[in-house]
Amino acid sequence: MSRNSKTHVELLNSDQIAKFKRDGYLVLPGILDPDLCRQARDEMWETISKHLPRMKRDDPSTWTPITEEESARLKAARPDAGGDPYFSGGAHRFVVRNGAEELLLNLAPRAIWPVAEQLLGAGTVVWPAGLDEIEMATGESFMSDDAVNGLVSHVGHDMGWPEKGTFETEPALRLPKTGPVWINGQGSRGLYCTLPNSPDPGPDYNSAHSDGACYGRYRLQIAAYIDDVPQNCGGFTVWPGSHTRVWEEQWEAFKEGEKHTDKHLSVRKAGGYTDPVIGRIKSDTAPVECHGPAGTVVLWHTKIFHVVGQNTSSDVIRQATIYGYLKTAESLSDEMAMDNAGGDIWRDWSHEVQRQSYH
């Protein structure tokens, strides 16, 4: 798909931008190409029939949790060239690592790209180019500690990455097609799916989190549904307004010397799961589940506190792809990517976003 494709979605209006700034997320119901959504569903079921054939598309009674034995077998199928298994999962979740393939890129990351430019600034957003002729994904990446951790955990073996982040831009990071292609902006995370009758997260929502570090070049992310996600069927769930609170506290922690990956600390202010500010958010803000028909997209600020919703249905599989838009190194230098303590959360966004009032 070209950058000027007619399948791109419409730009946001001022009210939508104001709501996004205030709440940290925005639901756009059914905006993606329905034919591409159908193709993505068909390919997902072809993948399931190959890797987990006991799960039948026309029989929801077979959509039961993935057993420990099945999970171990799927996990063992890592590609020789490195990267995650193409299909893996456990319990009520499974993942298809097809995020760098043309179908998934055209369906959501490229279709939404004009909106990403509207929000982040024209000419400042990395284009998701996908795979080259030898099926590698190449692009620039800010090599923070968490980027290095992601490379090691998802590529699956030592490919010469440093033990710690350099906090500098690698101009041509090459990744295998099922590797962490979101780190250099060349692919999405693939399909993240939740099976029916998933467990209640409990009143404390222990798996809820804020993604990654405050530093770096991630600012805007999307969750795109390739099939209907009715209410209470595992929709992306957020705590409105939490983006500004997490952003401010994590930058303050970084200013004090704490990194997102400092797991040795008994109390972390920038870890993303148990930060003190997150406890306060849980106590004073009610979560909101984002549901909608096939083709629905949830735009979200990368620091918003969120969780995968509970799927209480007996016959729906929540199917979503997740992608994070990156600012280019040219538009946001290494120094600027590491320096916003006490600064405006909207500093790196477009003038249209910056001047939009949301009070």
# chains A, B, ... in the order shown; residues from 1 in each chain; ligands from 1
$ residues_around --residues "Lys164 (chain A)" --least-positions-apart "3" --cutoff "10 Å" --atoms "only C-alpha atoms" --output "PDB file with N, CA and C atoms, in the first residue's frame"
ATOM      1  N   MET A 143      18.196   2.512  21.041  1.00  0.00           N
ATOM      2  CA  MET A 143      18.637   1.312  21.750  1.00  0.00           C
ATOM      3  C   MET A 143      18.712   1.541  23.264  1.00  0.00           C
ATOM      4  N   SER A 144      17.550   1.661  23.870  1.00  0.00           N
ATOM      5  CA  SER A 144      17.467   1.768  25.325  1.00  0.00           C
ATOM      6  C   SER A 144      17.589   0.388  25.939  1.00  0.00           C
ATOM      7  N   ASP A 145      17.659   0.324  27.271  1.00  0.00           N
ATOM      8  CA  ASP A 145      17.731  -0.971  27.945  1.00  0.00           C
ATOM      9  C   ASP A 145      16.542  -1.854  27.598  1.00  0.00           C
ATOM     10  N   ASP A 146      15.332  -1.264  27.571  1.00  0.00           N
ATOM     11  CA  ASP A 146      14.175  -2.092  27.305  1.00  0.00           C
ATOM     12  C   ASP A 146      14.138  -2.567  25.858  1.00  0.00           C
ATOM     13  N   ALA A 147      14.700  -1.784  24.918  1.00  0.00           N
ATOM     14  CA  ALA A 147      14.802  -2.263  23.539  1.00  0.00           C
ATOM     15  C   ALA A 147      15.721  -3.474  23.471  1.00  0.00           C
ATOM     16  N   VAL A 148      16.855  -3.414  24.174  1.00  0.00           N
ATOM     17  CA  VAL A 148      17.786  -4.544  24.192  1.00  0.00           C
ATOM     18  C   VAL A 148      17.137  -5.760  24.843  1.00  0.00           C
ATOM     19  N   ASN A 149      16.419  -5.555  25.944  1.00  0.00           N
ATOM     20  CA  ASN A 149      15.721  -6.667  26.584  1.00  0.00           C
ATOM     21  C   ASN A 149      14.713  -7.309  25.637  1.00  0.00           C
ATOM     22  N   TRP A 161      23.696  -8.552  20.501  1.00  0.00           N
ATOM     23  CA  TRP A 161      23.195  -7.324  21.105  1.00  0.00           C
ATOM     24  C   TRP A 161      24.035  -6.990  22.341  1.00  0.00           C
ATOM     25  N   PHE A 167      21.473   3.781  24.513  1.00  0.00           N
ATOM     26  CA  PHE A 167      20.643   4.987  24.496  1.00  0.00           C
ATOM     27  C   PHE A 167      21.041   5.898  23.332  1.00  0.00           C
TER      28      PHE A 167
END
$ residues_around --residues "Gly272 (chain A)" --least-positions-apart "5" --cutoff "12 Å" --atoms "only C-alpha atoms" --output "NGL selection string"
:A and (206-214 or 242-243 or 245-247 or 249-250 or 253 or 259-263 or 267 or 277-279 or 302-307)
$ write_last_selection --atoms "N, CA and C atoms" --output "mmCIF file, in the first residue's frame"
data_model
loop_
_atom_site.group_PDB
_atom_site.id
_atom_site.type_symbol
_atom_site.label_atom_id
_atom_site.label_comp_id
_atom_site.auth_asym_id
_atom_site.auth_seq_id
_atom_site.Cartn_x
_atom_site.Cartn_y
_atom_site.Cartn_z
ATOM 1 N N ASN A 206 -4.111 -7.002 38.404
ATOM 2 C CA ASN A 206 -2.662 -7.136 38.575
ATOM 3 C C ASN A 206 -1.874 -7.128 37.267
ATOM 4 N N SER A 207 -2.518 -7.505 36.162
ATOM 5 C CA SER A 207 -1.801 -7.508 34.888
ATOM 6 C C SER A 207 -1.906 -6.185 34.136
ATOM 7 N N ALA A 208 -2.647 -5.225 34.679
ATOM 8 C CA ALA A 208 -2.748 -3.914 34.039
ATOM 9 C C ALA A 208 -1.398 -3.214 34.112
ATOM 10 N N HIS A 209 -1.102 -2.385 33.096
ATOM 11 C CA HIS A 209 0.229 -1.789 33.018
ATOM 12 C C HIS A 209 0.240 -0.582 32.084
ATOM 13 N N SER A 210 1.350 0.128 32.133
ATOM 14 C CA SER A 210 1.647 1.189 31.172
ATOM 15 C C SER A 210 2.860 0.733 30.375
ATOM 16 N N ASP A 211 2.770 0.782 29.051
ATOM 17 C CA ASP A 211 3.808 0.196 28.200
ATOM 18 C C ASP A 211 5.139 0.932 28.263
ATOM 19 N N GLY A 212 6.210 0.149 28.411
ATOM 20 C CA GLY A 212 7.563 0.638 28.180
ATOM 21 C C GLY A 212 7.982 1.844 28.997
ATOM 22 N N ALA A 213 9.043 2.469 28.536
ATOM 23 C CA ALA A 213 9.643 3.599 29.232
ATOM 24 C C ALA A 213 9.083 4.916 28.713
ATOM 25 N N CYS A 214 9.233 5.957 29.517
ATOM 26 C CA CYS A 214 8.806 7.278 29.074
ATOM 27 C C CYS A 214 9.761 7.826 28.017
ATOM 28 N N SER A 242 -5.203 8.631 32.595
ATOM 29 C CA SER A 242 -4.017 8.118 33.298
ATOM 30 C C SER A 242 -2.716 8.427 32.566
ATOM 31 N N HIS A 243 -2.797 8.749 31.275
ATOM 32 C CA HIS A 243 -1.583 8.963 30.483
ATOM 33 C C HIS A 243 -0.735 10.103 31.034
ATOM 34 N N ARG A 245 -0.681 11.344 34.086
ATOM 35 C CA ARG A 245 -0.178 11.061 35.432
ATOM 36 C C ARG A 245 1.006 10.104 35.391
ATOM 37 N N VAL A 246 0.899 9.048 34.576
ATOM 38 C CA VAL A 246 2.013 8.102 34.441
ATOM 39 C C VAL A 246 3.206 8.786 33.792
ATOM 40 N N TRP A 247 2.956 9.566 32.759
ATOM 41 C CA TRP A 247 4.022 10.286 32.053
ATOM 42 C C TRP A 247 4.830 11.150 33.008
ATOM 43 N N GLU A 249 5.068 11.082 36.340
ATOM 44 C CA GLU A 249 5.783 10.383 37.404
ATOM 45 C C GLU A 249 6.975 9.605 36.856
ATOM 46 N N GLN A 250 6.825 9.010 35.678
ATOM 47 C CA GLN A 250 7.941 8.251 35.128
ATOM 48 C C GLN A 250 9.094 9.154 34.716
ATOM 49 N N ALA A 253 10.881 10.066 37.861
ATOM 50 C CA ALA A 253 11.720 8.960 38.304
ATOM 51 C C ALA A 253 12.996 8.875 37.476
ATOM 52 N N LYS A 259 15.693 3.864 35.805
ATOM 53 C CA LYS A 259 15.319 3.423 34.474
ATOM 54 C C LYS A 259 14.111 2.488 34.559
ATOM 55 N N HIS A 260 13.424 2.375 33.453
ATOM 56 C CA HIS A 260 12.250 1.510 33.378
ATOM 57 C C HIS A 260 12.595 0.063 33.733
ATOM 58 N N THR A 261 13.827 -0.346 33.460
ATOM 59 C CA THR A 261 14.227 -1.746 33.646
ATOM 60 C C THR A 261 14.930 -2.018 34.976
ATOM 61 N N ASP A 262 14.926 -1.073 35.894
ATOM 62 C CA ASP A 262 15.628 -1.247 37.178
ATOM 63 C C ASP A 262 14.822 -2.131 38.126
ATOM 64 N N LYS A 263 14.848 -3.435 37.864
ATOM 65 C CA LYS A 263 14.027 -4.378 38.630
ATOM 66 C C LYS A 263 14.580 -4.665 40.024
ATOM 67 N N VAL A 267 10.791 -0.521 45.303
ATOM 68 C CA VAL A 267 9.666 0.281 44.828
ATOM 69 C C VAL A 267 10.111 1.004 43.567
ATOM 70 N N VAL A 277 1.964 5.785 41.422
ATOM 71 C CA VAL A 277 0.898 6.517 40.739
ATOM 72 C C VAL A 277 -0.159 5.565 40.194
ATOM 73 N N ILE A 278 0.250 4.354 39.834
ATOM 74 C CA ILE A 278 -0.706 3.380 39.312
ATOM 75 C C ILE A 278 -1.676 2.938 40.400
ATOM 76 N N GLY A 279 -1.185 2.772 41.620
ATOM 77 C CA GLY A 279 -2.071 2.457 42.729
ATOM 78 C C GLY A 279 -3.109 3.532 42.932
ATOM 79 N N THR A 302 0.794 6.311 24.397
ATOM 80 C CA THR A 302 1.599 5.146 24.777
ATOM 81 C C THR A 302 1.742 4.959 26.284
ATOM 82 N N LYS A 303 1.486 5.991 27.067
ATOM 83 C CA LYS A 303 1.631 5.869 28.519
ATOM 84 C C LYS A 303 0.319 5.588 29.248
ATOM 85 N N ILE A 304 -0.777 5.435 28.520
ATOM 86 C CA ILE A 304 -2.033 5.200 29.228
ATOM 87 C C ILE A 304 -1.992 3.843 29.949
ATOM 88 N N PHE A 305 -2.571 3.786 31.110
ATOM 89 C CA PHE A 305 -2.666 2.563 31.905
ATOM 90 C C PHE A 305 -3.768 1.703 31.298
ATOM 91 N N HIS A 306 -3.470 0.417 31.026
ATOM 92 C CA HIS A 306 -4.419 -0.407 30.289
ATOM 93 C C HIS A 306 -4.267 -1.891 30.623
ATOM 94 N N VAL A 307 -5.226 -2.673 30.140
ATOM 95 C CA VAL A 307 -5.206 -4.120 30.335
ATOM 96 C C VAL A 307 -6.096 -4.753 29.274
#
$ closest_atom_pairs --of "region 302-332 of chain A" --to "region 217-225 of chain A" --cutoff "8 Å" --atoms "only C-alpha atoms" --output "JSON lines"
{"residue": "A:Thr302", "atom": "CA", "partner": "A:Arg219", "partner_atom": "CA", "distance": 5.2}
{"residue": "A:Lys303", "atom": "CA", "partner": "A:Arg219", "partner_atom": "CA", "distance": 7.8}
{"residue": "A:Arg318", "atom": "CA", "partner": "A:Tyr225", "partner_atom": "CA", "distance": 7.8}
{"residue": "A:Gln319", "atom": "CA", "partner": "A:Tyr225", "partner_atom": "CA", "distance": 5.8}
{"residue": "A:Ala320", "atom": "CA", "partner": "A:Tyr225", "partner_atom": "CA", "distance": 4.4}
{"residue": "A:Thr321", "atom": "CA", "partner": "A:Ala224", "partner_atom": "CA", "distance": 5.3}
{"residue": "A:Ile322", "atom": "CA", "partner": "A:Ala223", "partner_atom": "CA", "distance": 4.7}
{"residue": "A:Tyr323", "atom": "CA", "partner": "A:Ile222", "partner_atom": "CA", "distance": 5.4}
{"residue": "A:Gly324", "atom": "CA", "partner": "A:Gln221", "partner_atom": "CA", "distance": 4.1}
{"residue": "A:Tyr325", "atom": "CA", "partner": "A:Leu220", "partner_atom": "CA", "distance": 5.4}
{"residue": "A:Leu326", "atom": "CA", "partner": "A:Tyr218", "partner_atom": "CA", "distance": 4.9}
{"residue": "A:Lys327", "atom": "CA", "partner": "A:Arg217", "partner_atom": "CA", "distance": 5.2}
{"residue": "A:Thr328", "atom": "CA", "partner": "A:Arg217", "partner_atom": "CA", "distance": 7.5}
{"residue": "A:Leu332", "atom": "CA", "partner": "A:Arg217", "partner_atom": "CA", "distance": 7.3}
$ closest_atom_pairs --of "region 133-216 of chain A" --to "region 57-74 of chain A" --cutoff "12 Å" --atoms "only C-alpha atoms" --output "JSON lines"
{"residue": "A:Cys193", "atom": "CA", "partner": "A:Trp63", "partner_atom": "CA", "distance": 11.5}
{"residue": "A:Thr194", "atom": "CA", "partner": "A:Pro65", "partner_atom": "CA", "distance": 9.5}
{"residue": "A:Leu195", "atom": "CA", "partner": "A:Trp63", "partner_atom": "CA", "distance": 6.5}
{"residue": "A:Pro196", "atom": "CA", "partner": "A:Trp63", "partner_atom": "CA", "distance": 7.0}
{"residue": "A:Asn197", "atom": "CA", "partner": "A:Thr64", "partner_atom": "CA", "distance": 8.5}
{"residue": "A:Ser198", "atom": "CA", "partner": "A:Pro65", "partner_atom": "CA", "distance": 8.5}
{"residue": "A:Pro199", "atom": "CA", "partner": "A:Pro65", "partner_atom": "CA", "distance": 10.7}
$ write_last_selection --atoms "N, CA and C atoms" --output "PDB file, in the first residue's frame"
ATOM      1  N   CYS A 193      -4.895 -12.496  20.666  1.00  0.00           N
ATOM      2  CA  CYS A 193      -6.255 -13.028  20.731  1.00  0.00           C
ATOM      3  C   CYS A 193      -6.569 -13.596  22.120  1.00  0.00           C
ATOM      4  N   THR A 194      -7.817 -13.418  22.535  1.00  0.00           N
ATOM      5  CA  THR A 194      -8.292 -13.919  23.823  1.00  0.00           C
ATOM      6  C   THR A 194      -9.453 -14.869  23.592  1.00  0.00           C
ATOM      7  N   LEU A 195      -9.317 -16.085  24.096  1.00  0.00           N
ATOM      8  CA  LEU A 195     -10.348 -17.104  23.953  1.00  0.00           C
ATOM      9  C   LEU A 195     -11.538 -16.827  24.877  1.00  0.00           C
ATOM     10  N   PRO A 196     -12.673 -17.454  24.597  1.00  0.00           N
ATOM     11  CA  PRO A 196     -13.862 -17.252  25.446  1.00  0.00           C
ATOM     12  C   PRO A 196     -13.624 -17.676  26.900  1.00  0.00           C
ATOM     13  N   ASN A 197     -14.471 -17.124  27.762  1.00  0.00           N
ATOM     14  CA  ASN A 197     -14.496 -17.495  29.185  1.00  0.00           C
ATOM     15  C   ASN A 197     -13.142 -17.286  29.861  1.00  0.00           C
ATOM     16  N   SER A 198     -12.490 -16.187  29.522  1.00  0.00           N
ATOM     17  CA  SER A 198     -11.206 -15.898  30.160  1.00  0.00           C
ATOM     18  C   SER A 198     -11.425 -15.496  31.615  1.00  0.00           C
ATOM     19  N   PRO A 199     -10.420 -15.665  32.469  1.00  0.00           N
ATOM     20  CA  PRO A 199     -10.618 -15.423  33.902  1.00  0.00           C
ATOM     21  C   PRO A 199     -10.816 -13.950  34.238  1.00  0.00           C
TER      22      PRO A 199
END
$ atom_distance --atom1 "CA of Ile317 (chain A)" --atom2 "CA of Pro85 (chain A)"
20.4 Å
$ residues_around --residues "region 226-236 of chain A" --least-positions-apart "5" --cutoff "7 Å" --atoms "only C-alpha atoms" --output "PDB file with N, CA and C atoms, in the first residue's frame"
ATOM      1  N   CYS A  37     -10.148  -7.036   6.787  1.00  0.00           N
ATOM      2  CA  CYS A  37     -10.451  -7.686   8.069  1.00  0.00           C
ATOM      3  C   CYS A  37     -10.853  -9.137   7.841  1.00  0.00           C
ATOM      4  N   ALA A  40      -7.829 -11.188   7.017  1.00  0.00           N
ATOM      5  CA  ALA A  40      -7.018 -11.434   8.217  1.00  0.00           C
ATOM      6  C   ALA A  40      -7.631 -12.531   9.083  1.00  0.00           C
ATOM      7  N   ARG A  41      -8.955 -12.538   9.190  1.00  0.00           N
ATOM      8  CA  ARG A  41      -9.624 -13.609   9.950  1.00  0.00           C
ATOM      9  C   ARG A  41      -9.402 -14.960   9.271  1.00  0.00           C
ATOM     10  N   THR A 194      -7.817 -13.418  22.535  1.00  0.00           N
ATOM     11  CA  THR A 194      -8.292 -13.919  23.823  1.00  0.00           C
ATOM     12  C   THR A 194      -9.453 -14.869  23.592  1.00  0.00           C
ATOM     13  N   GLU A 289     -13.878  -0.233  29.047  1.00  0.00           N
ATOM     14  CA  GLU A 289     -13.600  -1.239  28.020  1.00  0.00           C
ATOM     15  C   GLU A 289     -13.972  -0.681  26.651  1.00  0.00           C
ATOM     16  N   CYS A 290     -13.063  -0.813  25.684  1.00  0.00           N
ATOM     17  CA  CYS A 290     -13.283  -0.305  24.328  1.00  0.00           C
ATOM     18  C   CYS A 290     -13.769  -1.448  23.438  1.00  0.00           C
ATOM     19  N   HIS A 291     -15.032  -1.418  23.062  1.00  0.00           N
ATOM     20  CA  HIS A 291     -15.599  -2.477  22.224  1.00  0.00           C
ATOM     21  C   HIS A 291     -16.095  -1.874  20.919  1.00  0.00           C
ATOM     22  N   GLY A 292     -16.429  -2.743  19.959  1.00  0.00           N
ATOM     23  CA  GLY A 292     -16.912  -2.235  18.687  1.00  0.00           C
ATOM     24  C   GLY A 292     -16.924  -3.303  17.614  1.00  0.00           C
ATOM     25  N   PRO A 293     -17.469  -2.977  16.437  1.00  0.00           N
ATOM     26  CA  PRO A 293     -17.552  -3.945  15.340  1.00  0.00           C
ATOM     27  C   PRO A 293     -16.189  -4.165  14.690  1.00  0.00           C
ATOM     28  N   ALA A 294     -16.114  -5.163  13.818  1.00  0.00           N
ATOM     29  CA  ALA A 294     -14.889  -5.423  13.070  1.00  0.00           C
ATOM     30  C   ALA A 294     -14.417  -4.142  12.391  1.00  0.00           C
ATOM     31  N   GLY A 295     -13.109  -3.901  12.428  1.00  0.00           N
ATOM     32  CA  GLY A 295     -12.553  -2.687  11.843  1.00  0.00           C
ATOM     33  C   GLY A 295     -12.448  -1.523  12.797  1.00  0.00           C
ATOM     34  N   VAL A 307      -5.226  -2.673  30.140  1.00  0.00           N
ATOM     35  CA  VAL A 307      -5.206  -4.120  30.335  1.00  0.00           C
ATOM     36  C   VAL A 307      -6.096  -4.753  29.274  1.00  0.00           C
ATOM     37  N   VAL A 308      -5.851  -6.022  28.966  1.00  0.00           N
ATOM     38  CA  VAL A 308      -6.767  -6.773  28.107  1.00  0.00           C
ATOM     39  C   VAL A 308      -8.017  -7.090  28.912  1.00  0.00           C
ATOM     40  N   GLY A 309      -9.171  -6.774  28.363  1.00  0.00           N
ATOM     41  CA  GLY A 309     -10.414  -7.009  29.082  1.00  0.00           C
ATOM     42  C   GLY A 309     -10.759  -8.486  29.201  1.00  0.00           C
ATOM     43  N   GLN A 310     -11.627  -8.789  30.147  1.00  0.00           N
ATOM     44  CA  GLN A 310     -12.094 -10.163  30.318  1.00  0.00           C
ATOM     45  C   GLN A 310     -13.072 -10.520  29.207  1.00  0.00           C
ATOM     46  N   ASN A 311     -12.889 -11.703  28.624  1.00  0.00           N
ATOM     47  CA  ASN A 311     -13.807 -12.201  27.605  1.00  0.00           C
ATOM     48  C   ASN A 311     -14.802 -13.144  28.272  1.00  0.00           C
ATOM     49  N   THR A 312     -15.983 -12.641  28.557  1.00  0.00           N
ATOM     50  CA  THR A 312     -16.997 -13.440  29.258  1.00  0.00           C
ATOM     51  C   THR A 312     -17.883 -14.236  28.305  1.00  0.00           C
ATOM     52  N   SER A 313     -17.669 -14.081  27.012  1.00  0.00           N
ATOM     53  CA  SER A 313     -18.518 -14.770  26.044  1.00  0.00           C
ATOM     54  C   SER A 313     -18.178 -16.249  25.976  1.00  0.00           C
ATOM     55  N   VAL A 316     -16.988 -15.957  21.251  1.00  0.00           N
ATOM     56  CA  VAL A 316     -16.244 -14.862  20.619  1.00  0.00           C
ATOM     57  C   VAL A 316     -14.767 -15.003  20.966  1.00  0.00           C
ATOM     58  N   ARG A 318     -11.582 -12.640  20.942  1.00  0.00           N
ATOM     59  CA  ARG A 318     -11.127 -11.254  20.745  1.00  0.00           C
ATOM     60  C   ARG A 318      -9.866 -11.290  19.875  1.00  0.00           C
ATOM     61  N   GLN A 319      -9.914 -10.615  18.716  1.00  0.00           N
ATOM     62  CA  GLN A 319      -8.813 -10.618  17.758  1.00  0.00           C
ATOM     63  C   GLN A 319      -8.377  -9.179  17.494  1.00  0.00           C
ATOM     64  N   ALA A 320      -7.136  -8.852  17.870  1.00  0.00           N
ATOM     65  CA  ALA A 320      -6.658  -7.482  17.711  1.00  0.00           C
ATOM     66  C   ALA A 320      -5.195  -7.472  17.319  1.00  0.00           C
TER      67      ALA A 320
END
$ select_by_dssp --residues "region 195-278 of chain A" --states "alpha helix (DSSP H)" --output "MDAnalysis selection string"
chainID A and resid 242:255 276:278
$ write_last_selection --atoms "N, CA and C atoms" --output "tab-separated table (two decimals), in the first residue's frame"
chain	number	residue	atom	x	y	z
A	242	SER	N	-5.20	8.63	32.60
A	242	SER	CA	-4.02	8.12	33.30
A	242	SER	C	-2.72	8.43	32.57
A	243	HIS	N	-2.80	8.75	31.27
A	243	HIS	CA	-1.58	8.96	30.48
A	243	HIS	C	-0.73	10.10	31.03
A	244	THR	N	-1.38	11.21	31.41
A	244	THR	CA	-0.61	12.36	31.89
A	244	THR	C	0.01	12.08	33.25
A	245	ARG	N	-0.68	11.34	34.09
A	245	ARG	CA	-0.18	11.06	35.43
A	245	ARG	C	1.01	10.10	35.39
A	246	VAL	N	0.90	9.05	34.58
A	246	VAL	CA	2.01	8.10	34.44
A	246	VAL	C	3.21	8.79	33.79
A	247	TRP	N	2.96	9.57	32.76
A	247	TRP	CA	4.02	10.29	32.05
A	247	TRP	C	4.83	11.15	33.01
A	248	GLU	N	4.13	11.95	33.79
A	248	GLU	CA	4.82	12.88	34.69
A	248	GLU	C	5.63	12.14	35.75
A	249	GLU	N	5.07	11.08	36.34
A	249	GLU	CA	5.78	10.38	37.40
A	249	GLU	C	6.98	9.61	36.86
A	250	GLN	N	6.82	9.01	35.68
A	250	GLN	CA	7.94	8.25	35.13
A	250	GLN	C	9.09	9.15	34.72
A	251	TRP	N	8.79	10.32	34.18
A	251	TRP	CA	9.87	11.26	33.85
A	251	TRP	C	10.56	11.77	35.11
A	252	GLU	N	9.80	12.00	36.16
A	252	GLU	CA	10.40	12.42	37.42
A	252	GLU	C	11.31	11.34	37.96
A	253	ALA	N	10.88	10.07	37.86
A	253	ALA	CA	11.72	8.96	38.30
A	253	ALA	C	13.00	8.88	37.48
A	254	PHE	N	12.88	9.07	36.18
A	254	PHE	CA	14.05	9.03	35.30
A	254	PHE	C	15.03	10.17	35.65
A	255	LYS	N	14.46	11.32	35.95
A	255	LYS	CA	15.29	12.47	36.35
A	255	LYS	C	16.07	12.15	37.63
A	276	PRO	N	3.77	3.75	42.26
A	276	PRO	CA	2.83	4.36	43.21
A	276	PRO	C	1.68	5.09	42.54
A	277	VAL	N	1.96	5.78	41.42
A	277	VAL	CA	0.90	6.52	40.74
A	277	VAL	C	-0.16	5.56	40.19
A	278	ILE	N	0.25	4.35	39.83
A	278	ILE	CA	-0.71	3.38	39.31
A	278	ILE	C	-1.68	2.94	40.40
$ closest_residue --among "A:Asn106, A:Ser141, A:Thr285, A:Ser357" --to "Glu170 (chain A)" --atoms "only C-alpha atoms"
A:Ser141
$ atom_distance --atom1 "CA of Arg93 (chain A)" --atom2 "CA of Tyr192 (chain A)"
7.4 Å
$ closest_residue --among "A:Gly271, A:Ala108, A:Thr138, A:Glu330" --to "Gly30 (chain A)" --atoms "only C-alpha atoms"
A:Ala108
$ closest_residue --among "A:Glu140, A:Asp84, A:Glu10, A:Asp23" --to "Trp239 (chain A)" --atoms "only C-alpha atoms"
A:Asp23
$ atom_distance --atom1 "CA of Gly82 (chain A)" --atom2 "CA of Pro109 (chain A)"
23.8 Å
$ closest_residue --among "A:Leu119, A:Tyr25, A:Glu258, A:Ala111" --to "Arg347 (chain A)" --atoms "only C-alpha atoms"
A:Leu119
$ select_by_dssp --residues "region 112-185 of chain A" --states "strand (DSSP E or B)" --output "PyMOL selection string"
chain A and resi 125+136-142+169-176
$ closest_residue --among "A:Gln354, A:Ser266, A:Ser188, A:Gln118" --to "Leu12 (chain A)" --atoms "only C-alpha atoms"
A:Gln118
